[in-house]
Amino acid sequence: MKESFFQVVSVAEFTKLLATFPKAPVQERELSAAFGMSLAETITSRDDLPQAHRSSVDGYAVRAADTFGASESNPAYLDLAFAVEIQNPSDISLEPGHCAKITTGGCLPPEADAVVMVEQTQELGSDTIEIRKSLSPWDNVMLRGEDVQAGENVLAPGTRLDGARIGLLAALGYSRVLVHRHVTLGIISTGDEVVGIDEPVRPGLVRDVNSHTLSALAVAAGAKALRLGLVEDNLEALTAALKRGLEDCDVVIISGGSSVGTRDHTLEAMQSIPGSRILAHGIAMSPGKPTILAAAADKAVLGLPGQVASAQVVMQVLVMPFLAHLGGHERPFAIGPTASVPAKLNRNVASRQGRTDFIRVSLEQDAQNQLWATPVLGKSGLLKTLLQAHGLMEIPENQEGMTAGSQVMIRPLI
Ligand SMILES: Nc1nc2c(c(=O)[nH]1)N[C@H]1C(S)=C(S)[C@@H](COP(=O)(O)OP(=O)(O)OC[C@H]3O[C@@H](n4cnc5c(N)ncnc54)[C@H](O)[C@@H]3O)O[C@H]1N2
Ligand code: MOO
């Protein structure tokens with residue numbers, strides 16, 4: 001007789017186990033190739049950014065006090081002293097009653113403390129400028145050090161390099177950075193009935209959905225995905241595929257065969273790897289109960305349920321944050337790849353205590369911009385529920401369902 005699930009853990013315990021796996025090694029990379037990766041060093045600014053007070057408009061640098069009270073009907077008149085060249089800051093001080101022509105990004109001359117936009121001025125001859133606007137000190141000026149001050153620690157290890165942070169590193173002159181290298185996830189699909197997506201099917205055969213959805217989601221989590229092929233329900237074949245996968249990848253997922261049926265060999269294949277340890281066989285969650293976690297040396301092997309919706313939910317809730325953790329991201333399990341959105345539940349949902357439920361929900365906005373979540377209930381072997389759902393609502397294990405009207409947080413599906 002087959003064993004039943006014997007090491008069922010809570011979602012929180014499973015997450016803790018995932019967090020024990022070491023982050024990917026550190027490598028130096030061109031900034032242009034580091035987007036989405038996780039920083040492995042502290043970035044300290046060598047300079048003030050901007051390095052000087054810079055104009056944020058095209059116009060005239062002035063002493064703000066010279067414009068006080070100026071308006072369309074009562075303009076101020078200033079003498080044009082000189083024009084500032086954008087690449088060569090002027091060291092000539094701006095005298096009272098004078099202004100200097102300046103372009104966007106130009107450095108303010110000494111004693112100037114504001115810039116009036118050209119649209120609010122009129123040239124009167126070649127050396128007198130009519131100013132029709134009263135300015136406050138530092139109007140239209142990007143102050144020296146306003147972005148970053150010299151010596152400031154601007155980015156911490158674990159920071160994900162998004163567009164804004166790539167821009168900051170470029171501005172600070174970091175053409176190469178230390179990051180955690182990409183994590184490679186290998187995916188094995190198992191099952192005698194599972195065939196390649198180019199194959200014809202008949203009743204009894206299904207095309208391999210899981211390795212395609214899981215690899216797409218791995219890429220969305222910042223990892224590289226390697227589909228390691230289809231393996232029949234055979235322990236030797238599955239063990240051999242897993243061994244090969246562990247040579248080439250940081251993590252291996254086996255999709256299918258994780259339950260306790262006569263043809264479920266995932267657990268045994270994991271146990272066949274010398275020195276491996278089964279850390280969990282079963283999670284107190286739905287869908288996704290038949291999920292397995294093993295450690296082979298310091299690499300993780302995950303057995304995911306074969307059911308298409310279950311595999312995707314486990315991937316989104318647990319494996320994608322895990323890939324982010326391995327990739328070096330800070331707090332990957334707390335934040336996850338995407339933020340949750342608040343919504344109101346529009347009907348009661350039952351749930352069993354002692355198990356975390358991830359309910360698929362569709363979202364709709366009403367005329368008052370209130371987001372309403374409707375549970376999409378259905379079988380985990382069908383694709384339909386995920387096609388109709390926009391997100392997942394978590395019902396914690398200590399709760400017996402949720403009542404209509406409750407404020408809930410929805411984790412968007414990716
Ligand atoms: N006695 C029990 N039986 C089952 C339990 C249980 O607690 N006790 N849990 C059920 C739940 S929940 C799930 S989920 C499934 C998971 O089973 P496996 O992980 O062993 O998956 P398989 O049996 O291999 O496949 C299940 C189902 O999914 C289809 N499948 C598999 N791989 C793919 C793929 N790559 N692409 C598309 N579809 C795939 C497969 O044909 C099966 O229909 O266990 C229950 N049983
Ligand atoms: O736990 Mo299964 O993964 O519900 O379909």
# chains A, B, ... in the order shown; residues from 1 in each chain; ligands from 1

$ residues_near_ligand --ligand "ligand 2" --cutoff "8 Å" --atoms "only C-alpha atoms and all ligand atoms" --output "ChimeraX atom specification"
/A:285-291,305-307,309-311,379-381

$ residues_around --residues "segment 365-373 of chain A" --least-positions-apart "5" --cutoff "10 Å" --atoms "only C-alpha atoms" --output "list in words"
Val341, Pro342, Ala343, Lys344, Leu345, Asn346, Arg347, Arg360, Ala389, His390, Gly391, Leu392, Met393, Ala404, Gly405, Ser406, Gln407, Val408, Met409 and Ile410 of chain A

$ residues_around --residues "Lys16 of chain A" --least-positions-apart "5" --cutoff "12 Å" --atoms "only C-alpha atoms" --output "PyMOL selection string"
chain A and resi 9-11+21+279-280+293+318+321-322+325+332-334

$ residues_near_ligand --ligand "ligand 1" --cutoff "9 Å" --atoms "only C-alpha atoms and all ligand atoms" --output "PyMOL selection string"
chain A and resi 4-5+188-195+204-212+230+233+254-261+263-266+282+286-291+303-311+380-382

$ write_last_selection --atoms "C-alpha atoms" --output "tab-separated table (two decimals), in the first residue's frame"
chain	number	residue	atom	x	y	z
A	4	SER	CA	-0.51	8.81	2.46
A	5	PHE	CA	0.70	12.40	2.87
A	188	ILE	CA	9.86	18.17	-15.79
A	189	SER	CA	6.34	17.14	-16.76
A	190	THR	CA	5.40	13.62	-15.85
A	191	GLY	CA	2.47	11.39	-16.73
A	192	ASP	CA	1.86	8.61	-19.30
A	193	GLU	CA	-1.09	10.59	-20.59
A	194	VAL	CA	0.80	13.88	-21.08
A	195	VAL	CA	1.99	14.58	-24.65
A	204	GLY	CA	-6.99	9.67	-22.51
A	205	LEU	CA	-4.24	12.05	-23.64
A	206	VAL	CA	-3.70	15.68	-22.61
A	207	ARG	CA	-1.23	18.19	-23.96
A	208	ASP	CA	1.48	19.39	-21.60
A	209	VAL	CA	0.02	22.61	-20.21
A	210	ASN	CA	2.06	22.84	-17.04
A	211	SER	CA	5.63	23.10	-18.30
A	212	HIS	CA	4.51	25.98	-20.54
A	230	LEU	CA	8.09	14.79	-20.69
A	233	ASP	CA	5.18	7.27	-15.05
A	254	ILE	CA	8.35	18.00	-11.24
A	255	SER	CA	4.80	18.62	-12.41
A	256	GLY	CA	2.44	15.74	-11.67
A	257	GLY	CA	2.79	12.52	-9.76
A	258	SER	CA	3.02	14.34	-6.43
A	259	SER	CA	-0.07	12.74	-4.90
A	260	VAL	CA	-0.34	9.28	-3.38
A	261	GLY	CA	-1.68	7.23	-6.32
A	263	ARG	CA	1.57	5.94	-10.52
A	264	ASP	CA	2.82	8.86	-8.42
A	265	HIS	CA	6.62	8.51	-8.37
A	266	THR	CA	7.70	12.08	-7.67
A	282	GLY	CA	1.68	18.12	1.46
A	286	SER	CA	-6.27	24.40	-1.36
A	287	PRO	CA	-5.66	24.04	-4.18
A	288	GLY	CA	-2.17	22.62	-4.03
A	289	LYS	CA	-2.26	20.15	-1.16
A	290	PRO	CA	-0.13	17.50	-2.94
A	291	THR	CA	2.96	19.72	-3.15
A	303	GLY	CA	6.74	18.43	-6.75
A	304	LEU	CA	3.70	20.34	-7.97
A	305	PRO	CA	0.23	18.90	-8.45
A	306	GLY	CA	-0.52	17.92	-12.03
A	307	GLN	CA	-3.95	19.59	-12.07
A	308	VAL	CA	-3.52	22.64	-14.26
A	309	ALA	CA	-5.12	25.21	-11.95
A	310	SER	CA	-3.47	23.80	-8.83
A	311	ALA	CA	-0.02	23.92	-10.43
A	380	SER	CA	-8.74	22.39	-10.41
A	381	GLY	CA	-8.27	20.13	-13.43
A	382	LEU	CA	-9.96	22.68	-15.69

$ residues_around --residues "Val115 of chain A" --least-positions-apart "3" --cutoff "12 Å" --atoms "only C-alpha atoms" --output "MDAnalysis selection string"
chainID A and resid 53:67 99:109 111:112 118:121 131 133:142

$ write_last_selection --atoms "C-alpha atoms" --output "mmCIF file, in the first residue's frame"
data_model
loop_
_atom_site.group_PDB
_atom_site.id
_atom_site.type_symbol
_atom_site.label_atom_id
_atom_site.label_comp_id
_atom_site.auth_asym_id
_atom_site.auth_seq_id
_atom_site.Cartn_x
_atom_site.Cartn_y
_atom_site.Cartn_z
ATOM 1 C CA HIS A 53 21.498 74.109 -8.860
ATOM 2 C CA ARG A 54 20.003 73.491 -12.325
ATOM 3 C CA SER A 55 17.138 75.152 -14.132
ATOM 4 C CA SER A 56 14.093 72.973 -14.829
ATOM 5 C CA VAL A 57 12.764 75.326 -17.541
ATOM 6 C CA ASP A 58 13.890 77.451 -20.490
ATOM 7 C CA GLY A 59 13.859 81.120 -19.459
ATOM 8 C CA TYR A 60 15.845 83.622 -17.397
ATOM 9 C CA ALA A 61 17.770 83.057 -14.166
ATOM 10 C CA VAL A 62 16.932 85.836 -11.711
ATOM 11 C CA ARG A 63 17.185 86.905 -8.116
ATOM 12 C CA ALA A 64 13.630 86.051 -6.965
ATOM 13 C CA ALA A 65 13.494 89.259 -4.892
ATOM 14 C CA ASP A 66 13.784 91.274 -8.139
ATOM 15 C CA THR A 67 10.478 89.786 -9.341
ATOM 16 C CA CYS A 99 18.915 88.278 -15.355
ATOM 17 C CA ALA A 100 20.718 85.633 -17.418
ATOM 18 C CA LYS A 101 19.298 83.612 -20.287
ATOM 19 C CA ILE A 102 19.245 79.910 -19.386
ATOM 20 C CA THR A 103 18.025 76.640 -20.915
ATOM 21 C CA THR A 104 16.489 73.623 -19.177
ATOM 22 C CA GLY A 105 19.271 71.890 -17.259
ATOM 23 C CA GLY A 106 21.615 74.888 -17.281
ATOM 24 C CA CYS A 107 23.429 75.676 -13.990
ATOM 25 C CA LEU A 108 22.282 78.807 -12.179
ATOM 26 C CA PRO A 109 24.938 81.524 -11.996
ATOM 27 C CA GLU A 111 23.486 84.679 -6.626
ATOM 28 C CA ALA A 112 20.600 83.615 -8.917
ATOM 29 C CA VAL A 118 10.303 82.283 -21.175
ATOM 30 C CA GLU A 119 6.493 82.317 -21.725
ATOM 31 C CA GLN A 120 6.167 84.703 -18.764
ATOM 32 C CA THR A 121 8.634 87.192 -20.223
ATOM 33 C CA ILE A 131 9.104 89.774 -16.306
ATOM 34 C CA LYS A 133 5.493 86.738 -12.910
ATOM 35 C CA SER A 134 6.433 87.016 -9.257
ATOM 36 C CA LEU A 135 8.772 84.167 -8.267
ATOM 37 C CA SER A 136 9.572 82.612 -4.917
ATOM 38 C CA PRO A 137 13.170 81.610 -4.154
ATOM 39 C CA TRP A 138 14.085 78.308 -5.878
ATOM 40 C CA ASP A 139 11.064 78.342 -8.237
ATOM 41 C CA ASN A 140 11.890 76.190 -11.313
ATOM 42 C CA VAL A 141 15.221 75.069 -9.859
ATOM 43 C CA MET A 142 16.489 71.504 -9.221
#

$ select_by_dssp --residues "segment 142-343 of chain A" --states "alpha helix (DSSP H)" --output "PyMOL selection string"
chain A and resi 163-171+210-220+235-248+266-271+308-314+320-326+332-335

$ residues_around --residues "Glu41 of chain A" --least-positions-apart "4" --cutoff "10 Å" --atoms "only C-alpha atoms" --output "list in words"
Val26, Leu155, Ala156, Pro157, Gly158, Thr159, Val177, Leu178, Val179 and His180 of chain A

$ write_last_selection --atoms "N, CA, C and O atoms" --output "PDB file, in the first residue's frame"
ATOM      1  N   VAL A  26      26.831  35.683  -6.511  1.00  0.00           N
ATOM      2  CA  VAL A  26      26.916  37.082  -6.955  1.00  0.00           C
ATOM      3  C   VAL A  26      27.822  37.170  -8.175  1.00  0.00           C
ATOM      4  O   VAL A  26      28.813  36.454  -8.272  1.00  0.00           O
ATOM      5  N   LEU A 155      21.192  52.772  -2.428  1.00  0.00           N
ATOM      6  CA  LEU A 155      20.538  51.487  -2.706  1.00  0.00           C
ATOM      7  C   LEU A 155      21.144  50.412  -1.809  1.00  0.00           C
ATOM      8  O   LEU A 155      22.367  50.340  -1.659  1.00  0.00           O
ATOM      9  N   ALA A 156      20.271  49.578  -1.254  1.00  0.00           N
ATOM     10  CA  ALA A 156      20.724  48.527  -0.338  1.00  0.00           C
ATOM     11  C   ALA A 156      20.767  47.191  -1.074  1.00  0.00           C
ATOM     12  O   ALA A 156      20.042  46.990  -2.058  1.00  0.00           O
ATOM     13  N   PRO A 157      21.580  46.246  -0.575  1.00  0.00           N
ATOM     14  CA  PRO A 157      21.571  44.908  -1.163  1.00  0.00           C
ATOM     15  C   PRO A 157      20.145  44.345  -1.125  1.00  0.00           C
ATOM     16  O   PRO A 157      19.408  44.582  -0.157  1.00  0.00           O
ATOM     17  N   GLY A 158      19.778  43.627  -2.172  1.00  0.00           N
ATOM     18  CA  GLY A 158      18.428  43.054  -2.225  1.00  0.00           C
ATOM     19  C   GLY A 158      17.455  43.909  -3.020  1.00  0.00           C
ATOM     20  O   GLY A 158      16.348  43.480  -3.296  1.00  0.00           O
ATOM     21  N   THR A 159      17.890  45.128  -3.399  1.00  0.00           N
ATOM     22  CA  THR A 159      17.002  45.996  -4.158  1.00  0.00           C
ATOM     23  C   THR A 159      16.844  45.473  -5.574  1.00  0.00           C
ATOM     24  O   THR A 159      17.826  45.163  -6.249  1.00  0.00           O
ATOM     25  N   VAL A 177      27.598  46.573 -12.012  1.00  0.00           N
ATOM     26  CA  VAL A 177      27.080  46.402 -10.651  1.00  0.00           C
ATOM     27  C   VAL A 177      27.174  44.940 -10.232  1.00  0.00           C
ATOM     28  O   VAL A 177      27.212  44.046 -11.078  1.00  0.00           O
ATOM     29  N   LEU A 178      27.196  44.738  -8.910  1.00  0.00           N
ATOM     30  CA  LEU A 178      27.175  43.369  -8.392  1.00  0.00           C
ATOM     31  C   LEU A 178      25.719  42.972  -8.168  1.00  0.00           C
ATOM     32  O   LEU A 178      24.978  43.672  -7.465  1.00  0.00           O
ATOM     33  N   VAL A 179      25.330  41.869  -8.785  1.00  0.00           N
ATOM     34  CA  VAL A 179      23.946  41.374  -8.646  1.00  0.00           C
ATOM     35  C   VAL A 179      23.983  39.864  -8.424  1.00  0.00           C
ATOM     36  O   VAL A 179      25.004  39.214  -8.676  1.00  0.00           O
ATOM     37  N   HIS A 180      22.853  39.335  -7.947  1.00  0.00           N
ATOM     38  CA  HIS A 180      22.735  37.875  -7.887  1.00  0.00           C
ATOM     39  C   HIS A 180      22.426  37.379  -9.294  1.00  0.00           C
ATOM     40  O   HIS A 180      21.566  37.954  -9.964  1.00  0.00           O
TER      41      HIS A 180
END

$ atom_distance --atom1 "atom CA of Asp113 of chain A" --atom2 "atom CA of Ser126 of chain A"
23.0 Å

$ select_by_dssp --residues "segment 87-274 of chain A" --states "strand (DSSP E or B)" --output "number ranges by chain"
A: 88, 98-102, 107, 114-117, 121-124, 128-131, 141-142, 148, 153-155, 160, 176-180, 184-190, 194-195, 206-207, 224-231, 251-255

$ residues_around --residues "segment 221-226 of chain A" --least-positions-apart "6" --cutoff "7 Å" --atoms "only C-alpha atoms" --output "PyMOL selection string"
chain A and resi 36+182-187+215+320+323-324+337

$ write_last_selection --atoms "N, CA, C and O atoms" --output "mmCIF file, in the first residue's frame"
data_model
loop_
_atom_site.group_PDB
_atom_site.id
_atom_site.type_symbol
_atom_site.label_atom_id
_atom_site.label_comp_id
_atom_site.auth_asym_id
_atom_site.auth_seq_id
_atom_site.Cartn_x
_atom_site.Cartn_y
_atom_site.Cartn_z
ATOM 1 N N GLY A 36 15.896 44.158 -13.611
ATOM 2 C CA GLY A 36 15.093 43.124 -12.963
ATOM 3 C C GLY A 36 15.882 42.267 -11.987
ATOM 4 O O GLY A 36 15.306 41.459 -11.277
ATOM 5 N N HIS A 182 21.095 35.170 -12.531
ATOM 6 C CA HIS A 182 19.766 34.619 -12.796
ATOM 7 C C HIS A 182 19.638 33.205 -12.236
ATOM 8 O O HIS A 182 20.598 32.418 -12.293
ATOM 9 N N VAL A 183 18.462 32.900 -11.746
ATOM 10 C CA VAL A 183 18.172 31.558 -11.237
ATOM 11 C C VAL A 183 17.593 30.755 -12.396
ATOM 12 O O VAL A 183 16.756 31.270 -13.145
ATOM 13 N N THR A 184 18.053 29.518 -12.558
ATOM 14 C CA THR A 184 17.480 28.675 -13.619
ATOM 15 C C THR A 184 16.553 27.637 -12.996
ATOM 16 O O THR A 184 16.961 26.875 -12.112
ATOM 17 N N LEU A 185 15.320 27.665 -13.454
ATOM 18 C CA LEU A 185 14.321 26.691 -12.992
ATOM 19 C C LEU A 185 14.138 25.642 -14.080
ATOM 20 O O LEU A 185 13.834 25.981 -15.230
ATOM 21 N N GLY A 186 14.346 24.392 -13.716
ATOM 22 C CA GLY A 186 14.090 23.286 -14.643
ATOM 23 C C GLY A 186 12.708 22.721 -14.372
ATOM 24 O O GLY A 186 12.297 22.611 -13.217
ATOM 25 N N ILE A 187 11.980 22.371 -15.438
ATOM 26 C CA ILE A 187 10.618 21.845 -15.263
ATOM 27 C C ILE A 187 10.475 20.513 -15.991
ATOM 28 O O ILE A 187 10.704 20.428 -17.201
ATOM 29 N N SER A 215 6.908 27.718 -16.979
ATOM 30 C CA SER A 215 8.110 28.410 -17.467
ATOM 31 C C SER A 215 7.793 29.873 -17.761
ATOM 32 O O SER A 215 8.618 30.750 -17.507
ATOM 33 N N MET A 320 6.932 31.470 -7.293
ATOM 34 C CA MET A 320 7.449 32.745 -7.830
ATOM 35 C C MET A 320 8.150 33.565 -6.741
ATOM 36 O O MET A 320 9.263 34.058 -6.954
ATOM 37 N N LEU A 323 11.504 31.958 -6.217
ATOM 38 C CA LEU A 323 12.494 32.294 -7.254
ATOM 39 C C LEU A 323 13.059 33.693 -7.000
ATOM 40 O O LEU A 323 14.250 33.947 -7.196
ATOM 41 N N ALA A 324 12.188 34.593 -6.561
ATOM 42 C CA ALA A 324 12.661 35.955 -6.242
ATOM 43 C C ALA A 324 13.628 35.911 -5.056
ATOM 44 O O ALA A 324 14.641 36.613 -5.034
ATOM 45 N N PRO A 337 5.855 39.208 -6.111
ATOM 46 C CA PRO A 337 6.174 39.928 -7.336
ATOM 47 C C PRO A 337 5.222 41.081 -7.615
ATOM 48 O O PRO A 337 5.551 42.010 -8.317
#

$ atom_distance --atom1 "atom CA of Gly196 of chain A" --atom2 "atom CA of Thr213 of chain A"
13.5 Å

$ atom_distance --atom1 "atom CA of Gly354 of chain A" --atom2 "atom CA of Asn398 of chain A"
5.9 Å

$ closest_residue --among "A:Gly245, A:Gly229, A:Pro412, A:Gly275" --to "Val317 of chain A" --atoms "only C-alpha atoms"
A:Pro412
